[in-house]
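Have a look at work_4.pdb below; it lists PDB, C-alpha atoms and all ligand atoms.
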```pdb
ATOM      1  CA  MET D1483       0.000   0.000   0.000
ATOM      2  CA  ALA D1484       1.416   3.398  -0.937
ATOM      3  CA  THR D1485       1.540   6.542   1.166
ATOM      4  CA  LYS D1486       1.754   8.952  -1.765
ATOM      5  CA  ASN D1487       0.535  12.009   0.099
ATOM      6  CA  TYR D1488       2.635  11.476   3.219
ATOM      7  CA  LEU D1489       4.805  14.606   3.385
ATOM      8  CA  HIS D1490       7.676  13.094   5.378
ATOM      9  CA  GLY D1491       8.062   9.863   3.409
ATOM     10  CA  HIS D1492      10.191   7.058   4.828
ATOM     11  CA  HIS D1493      13.737   8.121   3.997
ATOM     12  CA  ALA D1494      16.378   6.820   6.465
ATOM     13  CA  SER D1495      16.694  10.318   8.004
ATOM     14  CA  VAL D1496      12.958  10.348   8.751
ATOM     15  CA  LEU D1497      12.978   6.848  10.236
ATOM     16  CA  ARG D1498      15.973   7.794  12.406
ATOM     17  CA  SER D1499      13.818  10.492  13.924
ATOM     18  CA  HIS D1500      10.815   8.199  14.460
ATOM     19  CA  SER D1501      12.901   5.318  15.847
ATOM     20  CA  TRP D1502      14.112   7.507  18.724
ATOM     21  CA  ARG D1503      10.572   7.639  20.059
ATOM     22  CA  THR D1504       9.440   5.916  23.242
ATOM     23  CA  VAL D1505       6.332   6.076  25.404
ATOM     24  CA  GLN D1506       8.273   8.241  27.865
ATOM     25  CA  ASN D1507       9.412  10.865  25.345
ATOM     26  CA  SER D1508       6.452  10.734  22.945
ATOM     27  CA  ALA D1509       3.348   9.532  24.790
ATOM     28  CA  PRO D1510       3.648  10.916  28.340
ATOM     29  CA  HIS D1511      -0.096  11.709  28.342
ATOM     30  CA  LEU D1512      -0.821   7.997  27.950
ATOM     31  CA  ILE D1513       1.263   6.739  30.892
ATOM     32  CA  PRO D1514      -1.348   7.376  33.638
ATOM     33  CA  HIS D1515      -3.853   5.401  31.542
ATOM     34  CA  LEU D1516      -1.731   2.255  31.215
ATOM     35  CA  THR D1517      -3.461   0.948  34.311
ATOM     36  CA  SER D1518      -3.643  -2.783  33.589
ATOM     37  CA  PRO D1519      -1.165  -5.309  32.108
ATOM     38  CA  THR D1520      -4.010  -6.824  30.086
ATOM     39  CA  LEU D1521      -4.951  -3.798  27.985
ATOM     40  CA  LYS D1522      -5.645  -4.246  24.287
ATOM     41  CA  ILE D1523      -4.179  -1.324  22.320
ATOM     42  CA  LEU D1524      -4.441  -0.263  18.677
ATOM     43  CA  ASP D1525      -1.582   1.928  17.399
ATOM     44  CA  VAL D1526      -2.586   3.709  14.202
ATOM     45  CA  GLY D1527       0.152   4.936  11.818
ATOM     46  CA  CYS D1528       2.809   3.197  13.911
ATOM     47  CA  GLY D1529       5.789   3.955  11.627
ATOM     48  CA  PRO D1530       8.879   1.935  12.650
ATOM     49  CA  GLY D1531       7.025   0.815  15.764
ATOM     50  CA  THR D1532       9.268   1.836  18.642
ATOM     51  CA  ILE D1533       6.355   3.383  20.566
ATOM     52  CA  SER D1534       4.151   0.351  19.758
ATOM     53  CA  VAL D1535       6.759  -2.112  21.065
ATOM     54  CA  ASP D1536       7.273  -0.017  24.206
ATOM     55  CA  LEU D1537       3.489  -0.076  24.728
ATOM     56  CA  ALA D1538       3.433  -3.869  24.300
ATOM     57  CA  GLN D1539       6.148  -4.204  26.957
ATOM     58  CA  ARG D1540       3.972  -2.191  29.330
ATOM     59  CA  VAL D1541       0.959  -4.529  28.841
ATOM     60  CA  PRO D1542       2.673  -7.948  29.040
ATOM     61  CA  GLN D1543      -0.584  -9.890  29.354
ATOM     62  CA  GLY D1544      -2.335  -7.620  26.893
ATOM     63  CA  PHE D1545      -1.857  -7.035  23.184
ATOM     64  CA  VAL D1546      -0.882  -4.298  20.732
ATOM     65  CA  TYR D1547      -2.152  -4.241  17.160
ATOM     66  CA  ALA D1548      -0.212  -1.710  15.075
ATOM     67  CA  ILE D1549      -0.827  -0.611  11.490
ATOM     68  CA  ASP D1550       0.822   1.587   8.883
ATOM     69  CA  PRO D1551       0.265   1.850   5.094
ATOM     70  CA  SER D1552       3.982   1.492   4.329
ATOM     71  CA  GLU D1553       5.103  -2.110   3.848
ATOM     72  CA  ALA D1554       8.778  -1.186   4.271
ATOM     73  CA  VAL D1555       8.167   0.505   7.582
ATOM     74  CA  ILE D1556       6.005  -2.372   8.859
ATOM     75  CA  GLU D1557       8.853  -4.759   8.027
ATOM     76  CA  LYS D1558      11.204  -2.582  10.108
ATOM     77  CA  ALA D1559       8.717  -2.547  12.957
ATOM     78  CA  ARG D1560       8.451  -6.352  12.915
ATOM     79  CA  GLN D1561      12.249  -6.600  13.034
ATOM     80  CA  HIS D1562      12.362  -4.195  15.964
ATOM     81  CA  ALA D1563       9.817  -6.275  17.920
ATOM     82  CA  ALA D1564      11.796  -9.450  17.182
ATOM     83  CA  GLU D1565      15.058  -7.825  18.329
ATOM     84  CA  LYS D1566      13.376  -6.773  21.576
ATOM     85  CA  GLY D1567      11.871 -10.249  22.028
ATOM     86  CA  VAL D1568       8.365  -8.793  22.191
ATOM     87  CA  SER D1569       5.668 -11.155  20.949
ATOM     88  CA  ASN D1570       2.372  -9.697  22.237
ATOM     89  CA  ILE D1571       2.238  -7.416  19.192
ATOM     90  CA  ARG D1572       1.051  -7.675  15.617
ATOM     91  CA  PHE D1573       2.152  -5.301  12.866
ATOM     92  CA  GLU D1574       0.055  -5.158   9.698
ATOM     93  CA  VAL D1575       0.055  -3.027   6.571
ATOM     94  CA  GLY D1576      -3.149  -1.041   6.842
ATOM     95  CA  ASP D1577      -4.927   2.257   6.457
ATOM     96  CA  ILE D1578      -6.994   4.031   9.088
ATOM     97  CA  PHE D1579      -9.779   4.434   6.536
ATOM     98  CA  ASN D1580      -9.892   0.820   5.396
ATOM     99  CA  TRP D1581     -10.326  -1.538   8.328
ATOM    100  CA  GLU D1582     -12.329  -4.038   6.250
ATOM    101  CA  ALA D1583      -9.048  -5.137   4.657
ATOM    102  CA  LEU D1584      -7.689  -6.249   8.059
ATOM    103  CA  ASP D1585      -8.706  -9.091  10.312
ATOM    104  CA  GLY D1586      -8.520  -8.791  14.100
ATOM    105  CA  VAL D1587      -9.724  -5.181  14.207
ATOM    106  CA  GLU D1588     -13.271  -4.861  15.492
ATOM    107  CA  GLU D1589     -15.665  -2.095  16.363
ATOM    108  CA  LYS D1590     -15.369  -1.387  20.125
ATOM    109  CA  GLY D1591     -12.495  -3.884  20.202
ATOM    110  CA  PHE D1592      -9.749  -1.893  21.994
ATOM    111  CA  ASP D1593      -9.183  -0.350  25.420
ATOM    112  CA  ILE D1594      -6.882   2.275  23.902
ATOM    113  CA  VAL D1595      -6.700   3.533  20.327
ATOM    114  CA  HIS D1596      -3.547   5.605  19.899
ATOM    115  CA  ALA D1597      -2.071   7.759  17.130
ATOM    116  CA  HIS D1598       1.181   9.719  17.404
ATOM    117  CA  GLN D1599       2.029  12.367  14.778
ATOM    118  CA  VAL D1600      -0.478  10.929  12.313
ATOM    119  CA  LEU D1601      -3.505  13.273  12.134
ATOM    120  CA  GLN D1602      -1.298  16.127  10.850
ATOM    121  CA  HIS D1603      -0.594  13.970   7.770
ATOM    122  CA  LEU D1604      -4.215  13.197   6.904
ATOM    123  CA  GLN D1605      -6.551  15.136   4.629
ATOM    124  CA  ASP D1606      -9.447  13.963   6.814
ATOM    125  CA  PRO D1607      -8.332  14.073  10.460
ATOM    126  CA  LEU D1608     -11.966  14.258  11.611
ATOM    127  CA  GLY D1609     -12.797  11.023   9.787
ATOM    128  CA  ALA D1610      -9.756   9.428  11.442
ATOM    129  CA  MET D1611     -10.839  10.561  14.911
ATOM    130  CA  LYS D1612     -14.330   9.144  14.286
ATOM    131  CA  GLU D1613     -12.816   5.803  13.225
ATOM    132  CA  MET D1614     -10.628   5.738  16.341
ATOM    133  CA  LYS D1615     -13.692   6.415  18.512
ATOM    134  CA  ARG D1616     -15.669   3.666  16.775
ATOM    135  CA  LEU D1617     -12.942   1.091  17.473
ATOM    136  CA  THR D1618     -12.667   1.912  21.201
ATOM    137  CA  LYS D1619     -14.560  -0.005  23.915
ATOM    138  CA  PRO D1620     -16.916   1.973  26.164
ATOM    139  CA  GLY D1621     -14.743   2.874  29.166
ATOM    140  CA  GLY D1622     -11.674   3.034  26.922
ATOM    141  CA  ILE D1623      -9.780   5.987  25.493
ATOM    142  CA  VAL D1624      -8.673   7.533  22.231
ATOM    143  CA  ALA D1625      -5.185   9.063  22.651
ATOM    144  CA  VAL D1626      -3.838  11.426  19.991
ATOM    145  CA  ARG D1627      -0.743  13.599  19.900
ATOM    146  CA  ASP D1628       0.488  15.868  17.123
ATOM    147  CA  ALA D1629       3.002  18.628  16.694
ATOM    148  CA  ASP D1630       2.120  22.259  16.148
ATOM    149  CA  TYR D1631       4.722  23.469  13.665
ATOM    150  CA  SER D1632       3.891  27.155  14.126
ATOM    151  CA  ALA D1633       4.653  26.725  17.826
ATOM    152  CA  PHE D1634       8.202  25.484  17.226
ATOM    153  CA  THR D1635      10.806  27.901  18.593
ATOM    154  CA  TRP D1636      14.555  28.178  18.445
ATOM    155  CA  TYR D1637      17.429  30.299  19.605
ATOM    156  CA  PRO D1638      19.331  32.118  18.254
ATOM    157  CA  GLU D1639      17.261  33.588  15.450
ATOM    158  CA  ILE D1640      18.586  32.184  12.169
ATOM    159  CA  PRO D1641      16.786  33.535   9.068
ATOM    160  CA  GLY D1642      17.068  30.214   7.223
ATOM    161  CA  LEU D1643      15.067  28.476   9.942
ATOM    162  CA  ARG D1644      12.275  31.036   9.592
ATOM    163  CA  LYS D1645      12.265  30.169   5.860
ATOM    164  CA  TRP D1646      12.177  26.449   6.677
ATOM    165  CA  SER D1647       9.180  26.968   8.931
ATOM    166  CA  ALA D1648       7.274  28.941   6.273
ATOM    167  CA  LEU D1649       8.152  26.401   3.582
ATOM    168  CA  TYR D1650       7.163  23.435   5.746
ATOM    169  CA  LEU D1651       3.754  24.988   6.493
ATOM    170  CA  LYS D1652       3.172  25.671   2.796
ATOM    171  CA  ALA D1653       4.233  22.177   1.740
ATOM    172  CA  ALA D1654       1.894  20.509   4.268
ATOM    173  CA  GLN D1655      -1.002  22.813   3.393
ATOM    174  CA  SER D1656      -0.438  22.257  -0.333
ATOM    175  CA  ILE D1657      -1.459  18.607   0.126
ATOM    176  CA  GLY D1658      -4.458  19.446   2.309
ATOM    177  CA  CYS D1659      -2.872  18.722   5.706
ATOM    178  CA  ASP D1660      -2.775  20.830   8.875
ATOM    179  CA  PRO D1661       0.752  21.086  10.326
ATOM    180  CA  ASN D1662      -0.670  23.083  13.278
ATOM    181  CA  ILE D1663      -3.294  20.516  14.228
ATOM    182  CA  GLY D1664      -1.644  19.995  17.635
ATOM    183  CA  ARG D1665      -3.485  23.063  18.943
ATOM    184  CA  ARG D1666      -6.931  21.873  17.881
ATOM    185  CA  LEU D1667      -7.039  18.141  18.567
ATOM    186  CA  HIS D1668      -9.659  18.795  21.270
ATOM    187  CA  ALA D1669     -11.746  20.657  18.663
ATOM    188  CA  VAL D1670     -11.488  17.704  16.255
ATOM    189  CA  ALA D1671     -12.530  15.402  19.128
ATOM    190  CA  LEU D1672     -15.546  17.617  19.893
ATOM    191  CA  GLU D1673     -16.571  17.475  16.247
ATOM    192  CA  ALA D1674     -16.147  13.695  16.305
ATOM    193  CA  GLY D1675     -18.826  13.519  19.010
ATOM    194  CA  PHE D1676     -16.901  13.531  22.312
ATOM    195  CA  ASP D1677     -18.320  15.667  25.146
ATOM    196  CA  ARG D1678     -15.926  18.409  26.276
ATOM    197  CA  LYS D1679     -15.915  16.925  29.804
ATOM    198  CA  ASP D1680     -14.591  13.649  28.357
ATOM    199  CA  ILE D1681     -11.608  15.305  26.647
ATOM    200  CA  GLU D1682      -8.352  15.924  28.515
ATOM    201  CA  ALA D1683      -6.255  18.342  26.456
ATOM    202  CA  SER D1684      -2.626  19.087  27.256
ATOM    203  CA  ALA D1685       0.727  19.841  25.658
ATOM    204  CA  ALA D1686       4.278  18.576  25.995
ATOM    205  CA  VAL D1687       7.459  19.888  24.475
ATOM    206  CA  TRP D1688      10.503  18.211  22.962
ATOM    207  CA  VAL D1689      13.654  20.223  23.685
ATOM    208  CA  PHE D1690      16.931  19.811  21.818
ATOM    209  CA  SER D1691      19.630  21.831  23.524
ATOM    210  CA  THR D1692      22.652  19.768  24.579
ATOM    211  CA  PRO D1693      25.371  19.212  21.935
ATOM    212  CA  GLU D1694      24.162  15.619  21.448
ATOM    213  CA  GLU D1695      20.504  16.667  21.155
ATOM    214  CA  ARG D1696      21.331  19.451  18.690
ATOM    215  CA  LYS D1697      23.524  17.157  16.626
ATOM    216  CA  TRP D1698      20.750  14.601  16.400
ATOM    217  CA  TRP D1699      17.790  16.909  15.703
ATOM    218  CA  CYS D1700      19.529  19.487  13.486
ATOM    219  CA  GLY D1701      21.514  16.797  11.681
ATOM    220  CA  LEU D1702      18.464  14.819  10.769
ATOM    221  CA  TRP D1703      16.491  17.900   9.658
ATOM    222  CA  ALA D1704      19.426  19.028   7.514
ATOM    223  CA  GLU D1705      19.381  15.603   5.881
ATOM    224  CA  ARG D1706      15.581  15.447   5.629
ATOM    225  CA  THR D1707      15.507  18.844   3.928
ATOM    226  CA  LEU D1708      17.904  17.663   1.237
ATOM    227  CA  GLN D1709      16.858  14.067   0.759
ATOM    228  CA  SER D1710      13.410  13.121   2.007
ATOM    229  CA  GLU D1711       9.929  13.360   0.497
ATOM    230  CA  PHE D1712       9.731  16.928   1.845
ATOM    231  CA  LYS D1713      12.335  18.006  -0.744
ATOM    232  CA  HIS D1714      10.435  16.307  -3.578
ATOM    233  CA  LYS D1715       7.154  17.941  -2.546
ATOM    234  CA  VAL D1716       8.745  21.404  -2.331
ATOM    235  CA  LEU D1717      10.272  21.059  -5.804
ATOM    236  CA  GLU D1718       7.274  19.333  -7.374
ATOM    237  CA  LYS D1719       4.885  22.021  -6.104
ATOM    238  CA  GLY D1720       7.258  24.840  -7.072
ATOM    239  CA  LEU D1721       7.372  26.112  -3.485
ATOM    240  CA  GLY D1722      11.144  26.490  -3.418
ATOM    241  CA  THR D1723      14.395  25.680  -5.198
ATOM    242  CA  VAL D1724      17.288  23.321  -4.497
ATOM    243  CA  GLU D1725      19.279  26.407  -3.447
ATOM    244  CA  ASP D1726      16.567  27.350  -0.920
ATOM    245  CA  LEU D1727      16.697  23.843   0.523
ATOM    246  CA  GLU D1728      20.496  23.870   0.689
ATOM    247  CA  ALA D1729      20.399  27.188   2.566
ATOM    248  CA  ILE D1730      17.865  25.736   5.029
ATOM    249  CA  ALA D1731      20.013  22.650   5.630
ATOM    250  CA  GLU D1732      22.974  24.956   6.251
ATOM    251  CA  SER D1733      20.898  26.884   8.823
ATOM    252  CA  PHE D1734      20.170  23.666  10.727
ATOM    253  CA  ARG D1735      23.915  22.929  10.673
ATOM    254  CA  GLU D1736      24.539  26.434  12.024
ATOM    255  CA  LEU D1737      22.158  25.837  14.929
ATOM    256  CA  GLU D1738      23.799  22.487  15.582
ATOM    257  CA  GLY D1739      27.170  24.201  15.887
ATOM    258  CA  ARG D1740      25.977  26.908  18.281
ATOM    259  CA  GLU D1741      26.859  26.078  21.851
ATOM    260  CA  ASP D1742      23.938  28.251  22.995
ATOM    261  CA  GLY D1743      21.540  26.724  20.425
ATOM    262  CA  TRP D1744      18.042  25.563  21.372
ATOM    263  CA  PHE D1745      15.138  24.071  19.477
ATOM    264  CA  SER D1746      11.783  23.227  21.027
ATOM    265  CA  ALA D1747       8.800  21.496  19.441
ATOM    266  CA  MET D1748       5.373  21.821  21.000
ATOM    267  CA  ASN D1749       3.004  18.854  20.797
ATOM    268  CA  GLY D1750      -0.711  19.014  21.510
ATOM    269  CA  GLN D1751      -2.191  15.865  23.044
ATOM    270  CA  VAL D1752      -5.666  14.633  23.922
ATOM    271  CA  ILE D1753      -7.091  11.767  25.911
ATOM    272  CA  CYS D1754     -10.743  11.250  24.949
ATOM    273  CA  HIS D1755     -12.900   8.987  27.141
ATOM    274  CA  VAL D1756     -15.368   6.800  25.277
ATOM    275  CA  ARG D1757     -18.628   6.384  27.193
ATOM    276  CA  ASP D1758     -21.484   3.912  26.828
ATOM    277  CA  PRO D1759     -23.701   4.999  23.941
TER     278      PRO D1759
HETATM  279  C1  LIG D1801       5.121  10.965  11.474
HETATM  280  S1  LIG D1801       4.881   9.259  11.246
HETATM  281  C2  LIG D1801       4.588   8.717  12.900
HETATM  282  C3  LIG D1801       4.983   7.287  13.143
HETATM  283  C4  LIG D1801       4.825   6.812  14.589
HETATM  284  N1  LIG D1801       3.458   6.969  15.073
HETATM  285  C5  LIG D1801       5.796   7.523  15.472
HETATM  286  O1  LIG D1801       5.415   8.480  16.128
HETATM  287  O2  LIG D1801       6.973   7.144  15.474
HETATM  288  C6  LIG D1801       3.269   9.160  10.518
HETATM  289  C7  LIG D1801       2.895   7.780  10.030
HETATM  290  O3  LIG D1801       1.512   7.793   9.625
HETATM  291  C8  LIG D1801       1.398   6.889   8.547
HETATM  292  N2  LIG D1801       0.155   7.146   7.798
HETATM  293  C9  LIG D1801      -0.030   8.018   6.774
HETATM  294  N3  LIG D1801      -1.288   7.917   6.302
HETATM  295  C10 LIG D1801      -1.914   6.955   7.048
HETATM  296  C11 LIG D1801      -3.217   6.373   7.028
HETATM  297  N4  LIG D1801      -4.143   6.755   6.135
HETATM  298  N5  LIG D1801      -3.524   5.403   7.930
HETATM  299  C12 LIG D1801      -2.592   5.013   8.843
HETATM  300  N6  LIG D1801      -1.339   5.535   8.901
HETATM  301  C13 LIG D1801      -0.997   6.491   8.020
HETATM  302  C14 LIG D1801       2.667   7.109   7.734
HETATM  303  O4  LIG D1801       2.947   6.022   6.858
HETATM  304  C15 LIG D1801       3.700   7.299   8.841
HETATM  305  O5  LIG D1801       4.403   6.118   9.129
END
```

Take the structure in this file and express it as structure tokens.
Ligand SMILES: C[S@@+](CC[C@H](N)C(=O)[O-])C[C@H]1O[C@@H](n2cnc3c(N)ncnc32)[C@H](O)[C@@H]1O
Amino acid sequence: MATKNYLHGHHASVLRSHSWRTVQNSAPHLIPHLTSPTLKILDVGCGPGTISVDLAQRVPQGFVYAIDPSEAVIEKARQHAAEKGVSNIRFEVGDIFNWEALDGVEEKGFDIVHAHQVLQHLQDPLGAMKEMKRLTKPGGIVAVRDADYSAFTWYPEIPGLRKWSALYLKAAQSIGCDPNIGRRLHAVALEAGFDRKDIEASAAVWVFSTPEERKWWCGLWAERTLQSEFKHKVLEKGLGTVEDLEAIAESFRELEGREDGWFSAMNGQVICHVRDP
């Protein structure tokens, strides 16, 4: 199954970023809700599966079902689970809008339905939220977290990074996605039929400030800007030139080299409680 409109694509630099993710650093809002070792969890748009495998380790008598439309990334996720010796998990190629093609996924079948950094990549995030709600048991939760690209900040001010930010927003919007959806996940949940009292909305920030953190984050964005799907989209849509992208990559390298450099990325997150109909 292809992911033709997925802005990030699955270049090695992108997967390096996603493979760093754990429950602790990327799903802190979910931790208080991992209350039983028998929970059944669905992870939608799991990417290389490091969060999914971490979740499976936290519910040893439970089960995680994780899907992603990219076959290559699902293969990586399976390998990761095998390397960790985690067997209470199943990775399948799948699409949030096409559950009929999958067995083992049932309406009201899961205690937790989770998606991390997925709704920002969908043209129909509301439809996705409705699907997630439909698949959750009464008494269970839908847990969603997404970045808010306009709320990313850095120090010192480097003009090339301002250009990157503007270009990223344009590229995402040009394919009908909302790169700032982190700030309105609660609004999407309301529209999907959750009561406001059943929605816990919060935010958490990734900070990259030590030399190691800056090297990792700035290095991978420099590479992503020059090599990943983002580059192809920018060129294909005529939003920028190779020279623009090279200047942006250089700006990330500049931030990496600044001892006083800082980059922070705000993520909006919601826990939505599913009640009896
Ligand atoms: C930014 S990545 C996040 C991966 C993972 N959740 C993580 O945080 O490491 C977004 C993922 O959503 C997947 N995706 C895109 N469209 C999808 C769809 N219609 N249904 C399910 N997943 C989708 C992409 O293939 C990609 O792996």

*To verify the selection step, state as a ChimeraX atom specification which residues the PyMOL selection byres (((chain D and resi 1601) around 9) and not hetatm) yields on this input.*
/D:1597-1600,1602-1608,1610-1611,1626-1628,1659-1660,1663-1664,1667

*Counting only C-alpha atoms, what is within 10 Å of Trp1703 (chain D), bar same-chain residues fewer than 5 positions away, as an NGL selection string?*
:D and (1495-1496 or 1499 or 1697-1698 or 1708-1710 or 1730-1731 or 1734-1735)

*Hey, what's within 10 Å of region 1635-1652 of chain D if we count all atoms listed in the file and toss same-chain stuff fewer than 3 positions away? As JSON, numbers by chain, please?*
{"D": [1489, 1631, 1632, 1655, 1656, 1657, 1658, 1659, 1660, 1661, 1662, 1689, 1690, 1691, 1707, 1712, 1713, 1715, 1716, 1719, 1721, 1722, 1726, 1727, 1728, 1729, 1730, 1731, 1732, 1733, 1734, 1736, 1737, 1740, 1742, 1743, 1744, 1745, 1746, 1747, 1748]}

Each residue of chain D lying at most 9 Å from ligand LIG 1801 (chain D) should get a row with its shortest atom-to-atom pair and the distance in Å to one decimal, counting all atoms listed in the file; could you produce that, ordered by chain and increasing number, as a Markdown table?
```
| residue | atom | partner | partner_atom | distance |
| --- | --- | --- | --- | --- |
| D:Ala1484 | CA | D:LIG1801 | O4 | 8.4 |
| D:Thr1485 | CA | D:LIG1801 | O4 | 5.9 |
| D:Lys1486 | CA | D:LIG1801 | N3 | 8.7 |
| D:Asn1487 | CA | D:LIG1801 | N3 | 7.7 |
| D:Tyr1488 | CA | D:LIG1801 | C9 | 5.6 |
| D:Leu1489 | CA | D:LIG1801 | C9 | 8.8 |
| D:His1490 | CA | D:LIG1801 | C1 | 6.9 |
| D:Gly1491 | CA | D:LIG1801 | O4 | 7.3 |
| D:His1492 | CA | D:LIG1801 | O5 | 7.3 |
| D:Val1496 | CA | D:LIG1801 | C1 | 8.3 |
| D:Leu1497 | CA | D:LIG1801 | O2 | 8.0 |
| D:Ser1499 | CA | D:LIG1801 | O2 | 7.8 |
| D:His1500 | CA | D:LIG1801 | O2 | 4.1 |
| D:Ser1501 | CA | D:LIG1801 | O2 | 6.2 |
| D:Trp1502 | CA | D:LIG1801 | O2 | 7.9 |
| D:Arg1503 | CA | D:LIG1801 | O2 | 5.8 |
| D:Thr1504 | CA | D:LIG1801 | O2 | 8.2 |
| D:Ser1508 | CA | D:LIG1801 | O1 | 7.3 |
| D:Ala1509 | CA | D:LIG1801 | O1 | 9.0 |
| D:Asp1525 | CA | D:LIG1801 | N1 | 7.5 |
| D:Val1526 | CA | D:LIG1801 | C12 | 5.5 |
| D:Gly1527 | CA | D:LIG1801 | N6 | 3.3 |
| D:Cys1528 | CA | D:LIG1801 | N1 | 4.0 |
| D:Gly1529 | CA | D:LIG1801 | O5 | 3.6 |
| D:Pro1530 | CA | D:LIG1801 | O2 | 6.2 |
| D:Gly1531 | CA | D:LIG1801 | O2 | 6.3 |
| D:Thr1532 | CA | D:LIG1801 | O2 | 6.6 |
| D:Ile1533 | CA | D:LIG1801 | O2 | 6.4 |
| D:Ser1534 | CA | D:LIG1801 | N1 | 8.1 |
| D:Ile1549 | CA | D:LIG1801 | C12 | 6.5 |
| D:Asp1550 | CA | D:LIG1801 | N6 | 4.5 |
| D:Pro1551 | CA | D:LIG1801 | O4 | 5.3 |
| D:Ser1552 | CA | D:LIG1801 | O4 | 5.3 |
| D:Glu1553 | CA | D:LIG1801 | O4 | 8.9 |
| D:Val1555 | CA | D:LIG1801 | O5 | 6.9 |
| D:Ile1556 | CA | D:LIG1801 | O5 | 8.6 |
| D:Val1575 | CA | D:LIG1801 | C12 | 8.8 |
| D:Gly1576 | CA | D:LIG1801 | C12 | 6.4 |
| D:Asp1577 | CA | D:LIG1801 | N5 | 3.7 |
| D:Ile1578 | CA | D:LIG1801 | N5 | 3.9 |
| D:Phe1579 | CA | D:LIG1801 | N4 | 6.1 |
| D:Asn1580 | CA | D:LIG1801 | N5 | 8.2 |
| D:His1596 | CA | D:LIG1801 | N1 | 8.6 |
| D:Ala1597 | CA | D:LIG1801 | N1 | 6.0 |
| D:His1598 | CA | D:LIG1801 | N1 | 4.3 |
| D:Gln1599 | CA | D:LIG1801 | C1 | 4.7 |
| D:Val1600 | CA | D:LIG1801 | C6 | 4.5 |
| D:Leu1601 | CA | D:LIG1801 | O3 | 7.8 |
| D:Gln1602 | CA | D:LIG1801 | C1 | 8.3 |
| D:His1603 | CA | D:LIG1801 | C9 | 6.1 |
| D:Leu1604 | CA | D:LIG1801 | N3 | 6.1 |
| D:Gln1605 | CA | D:LIG1801 | N4 | 8.8 |
| D:Asp1606 | CA | D:LIG1801 | N4 | 9.0 |
| D:Ala1610 | CA | D:LIG1801 | N4 | 8.2 |
| D:Arg1627 | CA | D:LIG1801 | O1 | 8.9 |
| D:Asp1628 | CA | D:LIG1801 | C1 | 8.8 |
```

_Report, in Å with one decimal, the straight-line distance from CA of Ala1674 (chain D) to CA of Val1756 (chain D)._
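One can read the CA of Ala1674 (chain D) to CA of Val1756 (chain D) distance as 11.3 Å.
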
*asked:* Once the PyMOL selection byres (((chain D and resi 1589) around 7) and not hetatm) has been evaluated on this model, what residues remain selected, and can you format them as a list in words?
replied: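 Residues picked by the PyMOL selection byres (((chain D and resi 1589) around 7) and not hetatm): Glu1588, Lys1590, Gly1591, Arg1616, Leu1617 and Thr1618 of chain D.
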
If you take every atom of region 1525-1541 of chain D that the file lists and fit an axis-aligned box around them with 6 Å extra on each side, what centre and edge lengths come out in Å to one decimal, as AutoDock Vina command-line options?
```
--center_x 3.3 --center_y 0.2 --center_z 20.5 --size_x 23.9 --size_y 21.5 --size_z 29.7
```

*Option closest in space to Leu1521 (chain D), from D:Gly1586, D:Gly1567, D:Gly1720, D:Gly1621 [counting only C-alpha atoms]*: D:Gly1621

N, CA and C atoms modelled onto region 1559-1569 of chain D, as a CSV table (one decimal), keeping the file's coordinate frame:
```csv
chain,number,residue,atom,x,y,z
D,1559,ALA,N,9.4,-2.4,11.6
D,1559,ALA,CA,8.7,-2.5,13.0
D,1559,ALA,C,8.7,-4.0,13.4
D,1560,ARG,N,8.4,-4.9,12.5
D,1560,ARG,CA,8.5,-6.4,12.9
D,1560,ARG,C,9.8,-6.8,13.4
D,1561,GLN,N,10.9,-6.3,12.7
D,1561,GLN,CA,12.2,-6.6,13.0
D,1561,GLN,C,12.6,-6.0,14.4
D,1562,HIS,N,12.1,-4.8,14.7
D,1562,HIS,CA,12.4,-4.2,16.0
D,1562,HIS,C,11.7,-5.0,17.1
D,1563,ALA,N,10.5,-5.5,16.9
D,1563,ALA,CA,9.8,-6.3,17.9
D,1563,ALA,C,10.6,-7.6,18.1
D,1564,ALA,N,11.1,-8.2,17.1
D,1564,ALA,CA,11.8,-9.4,17.2
D,1564,ALA,C,13.1,-9.2,18.0
D,1565,GLU,N,13.8,-8.1,17.6
D,1565,GLU,CA,15.1,-7.8,18.3
D,1565,GLU,C,14.8,-7.6,19.8
D,1566,LYS,N,13.7,-7.0,20.2
D,1566,LYS,CA,13.4,-6.8,21.6
D,1566,LYS,C,12.8,-8.0,22.2
D,1567,GLY,N,12.5,-9.0,21.5
D,1567,GLY,CA,11.9,-10.2,22.0
D,1567,GLY,C,10.4,-10.0,22.5
D,1568,VAL,N,9.8,-9.1,21.8
D,1568,VAL,CA,8.4,-8.8,22.2
D,1568,VAL,C,7.4,-9.5,21.2
D,1569,SER,N,6.5,-10.3,21.8
D,1569,SER,CA,5.7,-11.2,20.9
D,1569,SER,C,4.2,-10.8,21.1
```
